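Note sheet for the following structure.
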Amino acid sequence: MNTDDSPQFDEIIHAPIRLRICGLLYTYSPMRFDVVRDTLEISDATCSKHLKVLAEHGYVVLDKKAGDDRGYRLTWARMTGEGRRAFERHVAALRRITAGEV
Amino acid sequence: MTTNDMEPPDGAEMLAMLDNDRTRLAMRTRRPSWYAPAYGVLVAALNLLYWVLGMSFNGLYAFGLAPTAFYGCALAALVLLTMAVAAMLAGARRATGIGIWAKTRFLPGSPGRRRQRRATAQAIASLVLVQYGSAAVDFALGYMTVSWIWPVAVAVVGAAMSAMLLRHFDRQDLRLAEQG
């Protein structure tokens, strides 16, 4: 795990859908799966696939919780501390690129 | 792709995309319309609870009940209020699909974060001042055992002000999110 706060490009976060998922979860976490999917206007499968990649790298935690009528379970996604730090470093790297510093 | 493969417009485009998602989400996840009125009702109930507590602290018999019975009623009311707050928060979470406490709203390094922190501090201070200020007044009115009209009036004013403040801060929050 990298504890350095300096700007650092993250290959896992960089994929556009994953970057947007991280952006949402960084600002509002935890978030229900359907809210992530609908906000980004992507399919269930795409959303699920990218969330799993982020979860495998420890950036996101996926929790299954009971729905309204307890007959089904809803997935909630939450960004981990490691995910937040990686996203902060990645956004800092993007800002440096935008400023023409790289 | 690495940093070497990216040009400044690529980075700017990605940051703009993140900002756009954040604003859209801020609009999607506004508190439900029933939230502010429900909050007002809870504040009114809290105020009336303090009025009853004020009367019991004075050791008075009222509504045909001994002071000790008042404590029992106050405790039961407090439990009900706590359950109502929990139900309200759970309802808002279910309606919006986002967590209640975590609303950073801004990206790392964004100038909006400081503005948001200041606005949040103001919102909490105002709400605490209005709801506990009116509750303290109701407690004093109960202790002085004035006519029931006054504590009820204070409860109604406190509830209306709390609901209006909550709505005002929600709108302000959305404006800040749009500004980025």
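How things are named: the first chain in the structure tokens is A, the next is B, and so on; residues count from 1 in each chain; ligands count from 1 in the order shown.
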
*List every residue of chain A that DSSP, applied to the backbone of this structure, places in strand (DSSP E or B), and write the result as a ChimeraX atom specification.*
/A:31-32,60-66,73-79

Residue list for chain A near chain B as a PDB file with all heavy atoms, in the first residue's frame, 7 Å, only C-alpha atoms:
ATOM      1  N   PHE A   9      -0.316   8.583 -10.803  1.00  0.00           N
ATOM      2  CA  PHE A   9      -1.249   8.027 -11.764  1.00  0.00           C
ATOM      3  C   PHE A   9      -1.559   6.583 -11.379  1.00  0.00           C
ATOM      4  O   PHE A   9      -0.657   5.819 -11.086  1.00  0.00           O
ATOM      5  CB  PHE A   9      -0.577   8.076 -13.139  1.00  0.00           C
ATOM      6  CG  PHE A   9      -1.552   8.066 -14.254  1.00  0.00           C
ATOM      7  CD1 PHE A   9      -2.219   9.231 -14.619  1.00  0.00           C
ATOM      8  CD2 PHE A   9      -1.790   6.911 -14.961  1.00  0.00           C
ATOM      9  CE1 PHE A   9      -3.116   9.221 -15.662  1.00  0.00           C
ATOM     10  CE2 PHE A   9      -2.691   6.892 -16.004  1.00  0.00           C
ATOM     11  CZ  PHE A   9      -3.349   8.057 -16.367  1.00  0.00           C
ATOM     12  N   ARG A  20     -14.972   7.259 -12.956  1.00  0.00           N
ATOM     13  CA  ARG A  20     -16.252   7.898 -12.621  1.00  0.00           C
ATOM     14  C   ARG A  20     -16.887   7.240 -11.390  1.00  0.00           C
ATOM     15  O   ARG A  20     -17.462   7.933 -10.551  1.00  0.00           O
ATOM     16  CB  ARG A  20     -17.193   7.825 -13.825  1.00  0.00           C
ATOM     17  CG  ARG A  20     -16.681   8.668 -14.991  1.00  0.00           C
ATOM     18  CD  ARG A  20     -17.550   8.494 -16.210  1.00  0.00           C
ATOM     19  NE  ARG A  20     -18.837   9.172 -16.045  1.00  0.00           N
ATOM     20  CZ  ARG A  20     -19.864   8.990 -16.862  1.00  0.00           C
ATOM     21  NH1 ARG A  20     -19.776   8.156 -17.879  1.00  0.00           N
ATOM     22  NH2 ARG A  20     -20.972   9.653 -16.674  1.00  0.00           N
ATOM     23  N   GLY A  23     -15.118   8.590  -8.520  1.00  0.00           N
ATOM     24  CA  GLY A  23     -15.543   9.981  -8.308  1.00  0.00           C
ATOM     25  C   GLY A  23     -16.839  10.039  -7.516  1.00  0.00           C
ATOM     26  O   GLY A  23     -16.986  10.845  -6.598  1.00  0.00           O
ATOM     27  N   LEU A  24     -17.783   9.159  -7.856  1.00  0.00           N
ATOM     28  CA  LEU A  24     -19.075   9.135  -7.149  1.00  0.00           C
ATOM     29  C   LEU A  24     -18.891   8.651  -5.722  1.00  0.00           C
ATOM     30  O   LEU A  24     -19.415   9.233  -4.775  1.00  0.00           O
ATOM     31  CB  LEU A  24     -20.071   8.215  -7.868  1.00  0.00           C
ATOM     32  CG  LEU A  24     -20.523   8.610  -9.267  1.00  0.00           C
ATOM     33  CD1 LEU A  24     -21.606   7.649  -9.745  1.00  0.00           C
ATOM     34  CD2 LEU A  24     -21.057  10.028  -9.302  1.00  0.00           C
ATOM     35  N   THR A  27     -17.283  11.102  -3.314  1.00  0.00           N
ATOM     36  CA  THR A  27     -18.113  12.206  -2.834  1.00  0.00           C
ATOM     37  C   THR A  27     -19.307  11.725  -2.002  1.00  0.00           C
ATOM     38  O   THR A  27     -19.738  12.407  -1.087  1.00  0.00           O
ATOM     39  CB  THR A  27     -18.611  13.070  -4.000  1.00  0.00           C
ATOM     40  OG1 THR A  27     -19.140  12.219  -5.014  1.00  0.00           O
ATOM     41  CG2 THR A  27     -17.507  13.901  -4.596  1.00  0.00           C
ATOM     42  N   TYR A  28     -19.888  10.570  -2.337  1.00  0.00           N
ATOM     43  CA  TYR A  28     -21.033  10.043  -1.580  1.00  0.00           C
ATOM     44  C   TYR A  28     -20.818   8.555  -1.323  1.00  0.00           C
ATOM     45  O   TYR A  28     -21.116   7.732  -2.180  1.00  0.00           O
ATOM     46  CB  TYR A  28     -22.328  10.175  -2.367  1.00  0.00           C
ATOM     47  CG  TYR A  28     -22.781  11.566  -2.642  1.00  0.00           C
ATOM     48  CD1 TYR A  28     -22.329  12.247  -3.754  1.00  0.00           C
ATOM     49  CD2 TYR A  28     -23.697  12.195  -1.801  1.00  0.00           C
ATOM     50  CE1 TYR A  28     -22.760  13.530  -4.023  1.00  0.00           C
ATOM     51  CE2 TYR A  28     -24.134  13.466  -2.067  1.00  0.00           C
ATOM     52  CZ  TYR A  28     -23.659  14.129  -3.182  1.00  0.00           C
ATOM     53  OH  TYR A  28     -24.088  15.390  -3.444  1.00  0.00           O
ATOM     54  N   SER A  29     -20.313   8.227  -0.162  1.00  0.00           N
ATOM     55  CA  SER A  29     -20.071   6.815   0.126  1.00  0.00           C
ATOM     56  C   SER A  29     -20.632   6.489   1.499  1.00  0.00           C
ATOM     57  O   SER A  29     -20.434   7.268   2.423  1.00  0.00           O
ATOM     58  CB  SER A  29     -18.569   6.569   0.097  1.00  0.00           C
ATOM     59  OG  SER A  29     -18.263   5.224   0.276  1.00  0.00           O
ATOM     60  N   PRO A  30     -21.386   5.426   1.685  1.00  0.00           N
ATOM     61  CA  PRO A  30     -21.692   4.350   0.745  1.00  0.00           C
ATOM     62  C   PRO A  30     -22.819   4.736  -0.224  1.00  0.00           C
ATOM     63  O   PRO A  30     -23.577   5.667   0.042  1.00  0.00           O
ATOM     64  CB  PRO A  30     -22.156   3.215   1.658  1.00  0.00           C
ATOM     65  CG  PRO A  30     -22.747   3.897   2.841  1.00  0.00           C
ATOM     66  CD  PRO A  30     -21.968   5.166   3.015  1.00  0.00           C
ATOM     67  N   MET A  31     -22.907   3.990  -1.305  1.00  0.00           N
ATOM     68  CA  MET A  31     -23.907   4.261  -2.329  1.00  0.00           C
ATOM     69  C   MET A  31     -24.467   2.943  -2.847  1.00  0.00           C
ATOM     70  O   MET A  31     -23.729   1.965  -2.991  1.00  0.00           O
ATOM     71  CB  MET A  31     -23.225   5.024  -3.461  1.00  0.00           C
ATOM     72  CG  MET A  31     -24.173   5.539  -4.502  1.00  0.00           C
ATOM     73  SD  MET A  31     -23.267   6.418  -5.769  1.00  0.00           S
ATOM     74  CE  MET A  31     -22.831   7.899  -4.912  1.00  0.00           C
ATOM     75  N   ARG A  32     -25.782   2.953  -3.116  1.00  0.00           N
ATOM     76  CA  ARG A  32     -26.425   1.734  -3.589  1.00  0.00           C
ATOM     77  C   ARG A  32     -26.049   1.488  -5.048  1.00  0.00           C
ATOM     78  O   ARG A  32     -25.885   2.444  -5.818  1.00  0.00           O
ATOM     79  CB  ARG A  32     -27.949   1.864  -3.433  1.00  0.00           C
ATOM     80  CG  ARG A  32     -28.666   0.574  -3.155  1.00  0.00           C
ATOM     81  CD  ARG A  32     -30.089   0.821  -2.712  1.00  0.00           C
ATOM     82  NE  ARG A  32     -30.764   1.745  -3.617  1.00  0.00           N
ATOM     83  CZ  ARG A  32     -31.705   2.603  -3.233  1.00  0.00           C
ATOM     84  NH1 ARG A  32     -32.089   2.650  -1.985  1.00  0.00           N
ATOM     85  NH2 ARG A  32     -32.268   3.409  -4.097  1.00  0.00           N
ATOM     86  N   VAL A  35     -27.917   3.302  -7.855  1.00  0.00           N
ATOM     87  CA  VAL A  35     -27.666   4.742  -7.967  1.00  0.00           C
ATOM     88  C   VAL A  35     -26.388   4.981  -8.781  1.00  0.00           C
ATOM     89  O   VAL A  35     -26.341   5.864  -9.643  1.00  0.00           O
ATOM     90  CB  VAL A  35     -27.570   5.403  -6.567  1.00  0.00           C
ATOM     91  CG1 VAL A  35     -27.297   6.893  -6.677  1.00  0.00           C
ATOM     92  CG2 VAL A  35     -28.854   5.169  -5.793  1.00  0.00           C
ATOM     93  N   THR A  39     -26.700   6.793 -12.385  1.00  0.00           N
ATOM     94  CA  THR A  39     -26.024   8.087 -12.518  1.00  0.00           C
ATOM     95  C   THR A  39     -25.045   8.057 -13.690  1.00  0.00           C
ATOM     96  O   THR A  39     -24.923   9.030 -14.443  1.00  0.00           O
ATOM     97  CB  THR A  39     -25.269   8.457 -11.218  1.00  0.00           C
ATOM     98  OG1 THR A  39     -26.174   8.365 -10.135  1.00  0.00           O
ATOM     99  CG2 THR A  39     -24.703   9.864 -11.283  1.00  0.00           C
ATOM    100  N   GLU A  88      -7.334  10.317  -4.555  1.00  0.00           N
ATOM    101  CA  GLU A  88      -6.795  11.665  -4.329  1.00  0.00           C
ATOM    102  C   GLU A  88      -5.484  11.854  -5.085  1.00  0.00           C
ATOM    103  O   GLU A  88      -5.248  12.884  -5.723  1.00  0.00           O
ATOM    104  CB  GLU A  88      -6.578  11.909  -2.825  1.00  0.00           C
ATOM    105  CG  GLU A  88      -7.869  12.217  -2.094  1.00  0.00           C
ATOM    106  CD  GLU A  88      -7.730  12.203  -0.585  1.00  0.00           C
ATOM    107  OE1 GLU A  88      -6.607  11.967  -0.074  1.00  0.00           O
ATOM    108  OE2 GLU A  88      -8.767  12.402   0.080  1.00  0.00           O
ATOM    109  N   VAL A  91      -6.266  12.036  -8.882  1.00  0.00           N
ATOM    110  CA  VAL A  91      -6.829  13.338  -9.283  1.00  0.00           C
ATOM    111  C   VAL A  91      -5.729  14.409  -9.249  1.00  0.00           C
ATOM    112  O   VAL A  91      -5.664  15.269 -10.134  1.00  0.00           O
ATOM    113  CB  VAL A  91      -8.032  13.728  -8.377  1.00  0.00           C
ATOM    114  CG1 VAL A  91      -8.465  15.173  -8.617  1.00  0.00           C
ATOM    115  CG2 VAL A  91      -9.208  12.799  -8.655  1.00  0.00           C
ATOM    116  N   LEU A  94      -3.890  14.057 -12.365  1.00  0.00           N
ATOM    117  CA  LEU A  94      -4.650  14.620 -13.488  1.00  0.00           C
ATOM    118  C   LEU A  94      -4.547  16.150 -13.498  1.00  0.00           C
ATOM    119  O   LEU A  94      -4.419  16.769 -14.559  1.00  0.00           O
ATOM    120  CB  LEU A  94      -6.132  14.220 -13.397  1.00  0.00           C
ATOM    121  CG  LEU A  94      -6.501  12.779 -13.740  1.00  0.00           C
ATOM    122  CD1 LEU A  94      -8.004  12.554 -13.558  1.00  0.00           C
ATOM    123  CD2 LEU A  94      -6.116  12.435 -15.177  1.00  0.00           C
ATOM    124  N   ARG A  95      -4.596  16.744 -12.315  1.00  0.00           N
ATOM    125  CA  ARG A  95      -4.485  18.211 -12.235  1.00  0.00           C
ATOM    126  C   ARG A  95      -3.110  18.667 -12.719  1.00  0.00           C
ATOM    127  O   ARG A  95      -2.977  19.710 -13.360  1.00  0.00           O
ATOM    128  CB  ARG A  95      -4.738  18.688 -10.803  1.00  0.00           C
ATOM    129  CG  ARG A  95      -6.196  18.558 -10.361  1.00  0.00           C
ATOM    130  CD  ARG A  95      -6.469  19.392  -9.102  1.00  0.00           C
ATOM    131  NE  ARG A  95      -7.714  19.014  -8.469  1.00  0.00           N
ATOM    132  CZ  ARG A  95      -8.933  19.333  -8.909  1.00  0.00           C
ATOM    133  NH1 ARG A  95      -9.066  20.069 -10.001  1.00  0.00           N
ATOM    134  NH2 ARG A  95     -10.019  18.938  -8.263  1.00  0.00           N
ATOM    135  N   ILE A  97      -1.256  17.120 -14.897  1.00  0.00           N
ATOM    136  CA  ILE A  97      -1.235  16.961 -16.369  1.00  0.00           C
ATOM    137  C   ILE A  97      -1.970  18.132 -17.012  1.00  0.00           C
ATOM    138  O   ILE A  97      -1.499  18.726 -17.978  1.00  0.00           O
ATOM    139  CB  ILE A  97      -1.898  15.618 -16.771  1.00  0.00           C
ATOM    140  CG1 ILE A  97      -1.041  14.443 -16.304  1.00  0.00           C
ATOM    141  CG2 ILE A  97      -2.127  15.546 -18.281  1.00  0.00           C
ATOM    142  CD1 ILE A  97      -1.745  13.098 -16.338  1.00  0.00           C
ATOM    143  N   THR A  98      -3.142  18.468 -16.439  1.00  0.00           N
ATOM    144  CA  THR A  98      -3.949  19.563 -16.975  1.00  0.00           C
ATOM    145  C   THR A  98      -3.174  20.883 -16.924  1.00  0.00           C
ATOM    146  O   THR A  98      -3.270  21.711 -17.838  1.00  0.00           O
ATOM    147  CB  THR A  98      -5.262  19.688 -16.152  1.00  0.00           C
ATOM    148  OG1 THR A  98      -5.882  18.416 -16.151  1.00  0.00           O
ATOM    149  CG2 THR A  98      -6.197  20.705 -16.747  1.00  0.00           C
ATOM    150  N   ALA A  99      -2.406  21.065 -15.861  1.00  0.00           N
ATOM    151  CA  ALA A  99      -1.616  22.302 -15.722  1.00  0.00           C
ATOM    152  C   ALA A  99      -0.363  22.286 -16.604  1.00  0.00           C
ATOM    153  O   ALA A  99       0.386  23.257 -16.635  1.00  0.00           O
ATOM    154  CB  ALA A  99      -1.236  22.489 -14.259  1.00  0.00           C
ATOM    155  N   GLY A 100      -0.135  21.169 -17.273  1.00  0.00           N
ATOM    156  CA  GLY A 100       1.037  21.058 -18.152  1.00  0.00           C
ATOM    157  C   GLY A 100       2.334  20.864 -17.407  1.00  0.00           C
ATOM    158  O   GLY A 100       3.416  21.133 -17.929  1.00  0.00           O
TER     159      GLY A 100
END

*With only C-alpha atoms as the atoms that count, which of B:Phe70, B:Tyr39, B:Trp148, B:Trp51 lies nearest to Ala160 in chain B?*
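So, comparing all the options, the nearest one is B:Tyr39.
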
*asked:* Which residues are close to Pro32 in chain B, i.e. within 9 Å by only C-alpha atoms, leaving aside same-chain residues fewer than 5 positions away? Reply as a ChimeraX atom specification.
replied: /B:91-92,95-96

*Provide the CA of Leu62 in chain A to CA of Arg89 in chain A distance in Å, to one decimal place.*
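Straight-line distance from CA of Leu62 in chain A to CA of Arg89 in chain A works out to 22.4 Å.
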
Determine, counting only C-alpha atoms, which protein, DNA and RNA residues have an atom within 9 Å of an atom of Val156 in chain B; residues of the same chain fewer than 3 positions away are not included. Present the result as a short mmCIF file (atom, residue, chain, number, x, y, z; two decimals) with all heavy atoms, in the first residue's frame.
data_model
loop_
_atom_site.label_atom_id
_atom_site.label_comp_id
_atom_site.auth_asym_id
_atom_site.auth_seq_id
_atom_site.Cartn_x
_atom_site.Cartn_y
_atom_site.Cartn_z
N GLY B 40 -39.35 19.05 11.31
CA GLY B 40 -40.08 20.07 12.07
C GLY B 40 -40.99 19.42 13.11
O GLY B 40 -41.04 19.86 14.27
N VAL B 41 -41.69 18.37 12.73
CA VAL B 41 -42.59 17.67 13.66
C VAL B 41 -41.79 17.09 14.83
O VAL B 41 -42.21 17.19 15.99
CB VAL B 41 -43.37 16.54 12.91
CG1 VAL B 41 -44.10 15.64 13.89
CG2 VAL B 41 -44.36 17.16 11.92
N VAL B 43 -38.96 18.23 15.99
CA VAL B 43 -38.51 19.35 16.85
C VAL B 43 -39.67 19.79 17.76
O VAL B 43 -39.47 20.04 18.96
CB VAL B 43 -37.99 20.53 15.99
CG1 VAL B 43 -37.75 21.77 16.85
CG2 VAL B 43 -36.69 20.13 15.30
N ALA B 44 -40.87 19.87 17.19
CA ALA B 44 -42.05 20.24 18.00
C ALA B 44 -42.25 19.23 19.13
O ALA B 44 -42.49 19.61 20.28
CB ALA B 44 -43.28 20.31 17.12
N ASN B 47 -39.70 19.76 21.80
CA ASN B 47 -40.02 20.94 22.61
C ASN B 47 -41.09 20.62 23.64
O ASN B 47 -40.98 21.00 24.81
CB ASN B 47 -40.52 22.07 21.70
CG ASN B 47 -39.38 22.79 21.02
OD1 ASN B 47 -38.26 22.33 21.07
ND2 ASN B 47 -39.65 23.90 20.39
N PRO B 151 -46.09 27.39 25.57
CA PRO B 151 -45.17 26.33 25.12
C PRO B 151 -45.53 25.74 23.77
O PRO B 151 -44.65 25.40 22.96
CB PRO B 151 -45.27 25.26 26.21
CG PRO B 151 -46.25 25.73 27.19
CD PRO B 151 -46.64 27.12 26.90
N VAL B 152 -46.85 25.63 23.50
CA VAL B 152 -47.25 25.10 22.20
C VAL B 152 -46.83 26.07 21.08
O VAL B 152 -46.31 25.65 20.03
CB VAL B 152 -48.78 24.82 22.17
CG1 VAL B 152 -49.25 24.51 20.77
CG2 VAL B 152 -49.11 23.66 23.10
N ALA B 153 -47.02 27.37 21.36
CA ALA B 153 -46.63 28.37 20.36
C ALA B 153 -45.12 28.32 20.10
O ALA B 153 -44.67 28.36 18.94
CB ALA B 153 -47.03 29.77 20.85
N ALA B 159 -40.41 24.53 15.45
CA ALA B 159 -40.53 23.50 14.40
C ALA B 159 -40.50 24.13 13.01
O ALA B 159 -39.79 23.66 12.11
CB ALA B 159 -41.84 22.73 14.60
N ALA B 160 -41.26 25.23 12.84
CA ALA B 160 -41.32 25.89 11.53
C ALA B 160 -39.94 26.43 11.14
O ALA B 160 -39.48 26.26 10.00
CB ALA B 160 -42.35 27.01 11.55
N MET B 161 -39.27 27.06 12.12
CA MET B 161 -37.94 27.63 11.84
C MET B 161 -36.94 26.52 11.49
O MET B 161 -36.11 26.67 10.57
CB MET B 161 -37.43 28.44 13.03
CG MET B 161 -38.02 29.84 13.09
SD MET B 161 -37.44 30.74 14.52
CE MET B 161 -35.75 31.06 14.06
#

*Could you check how far CA of Met83 in chain B sits from CA of Leu74 in chain A, in Å to one decimal?*
23.4 Å

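Residues in contact range of Asp173 in chain B, defined as at most 9 Å between only C-alpha atoms, with sequence neighbours fewer than 4 positions away removed, read B:Ala26, B:Gln116, B:Ala119, B:Thr120, B:His168, B:Phe169, B:Ala177, B:Glu178.
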
*Best match for closeness to Arg96 in chain A among A:Phe33, A:Asp44, A:Pro7, A:Leu51, counting only C-alpha atoms*: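 Residue with the minimum atom-to-atom distance to Arg96 in chain A: A:Pro7.
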
*What is the distance, in Å and to one decimal place, between CA of Thr68 in chain B and CA of Gly158 in chain B?*
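Separating CA of Thr68 in chain B from CA of Gly158 in chain B is a distance of 27.2 Å.
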
_12 Å contact set for Thr46 in chain A, only C-alpha atoms, chain neighbours under 2 positions out, as a list of chain:residue names_ = A:Pro16, A:Ile17, A:Arg18, A:Ile21, A:Phe33, A:Val36, A:Arg37, A:Asp38, A:Leu40, A:Glu41, A:Ile42, A:Ser43, A:Asp44, A:Ser48, A:Lys49, A:His50, A:Leu51, A:Lys52, A:Val53
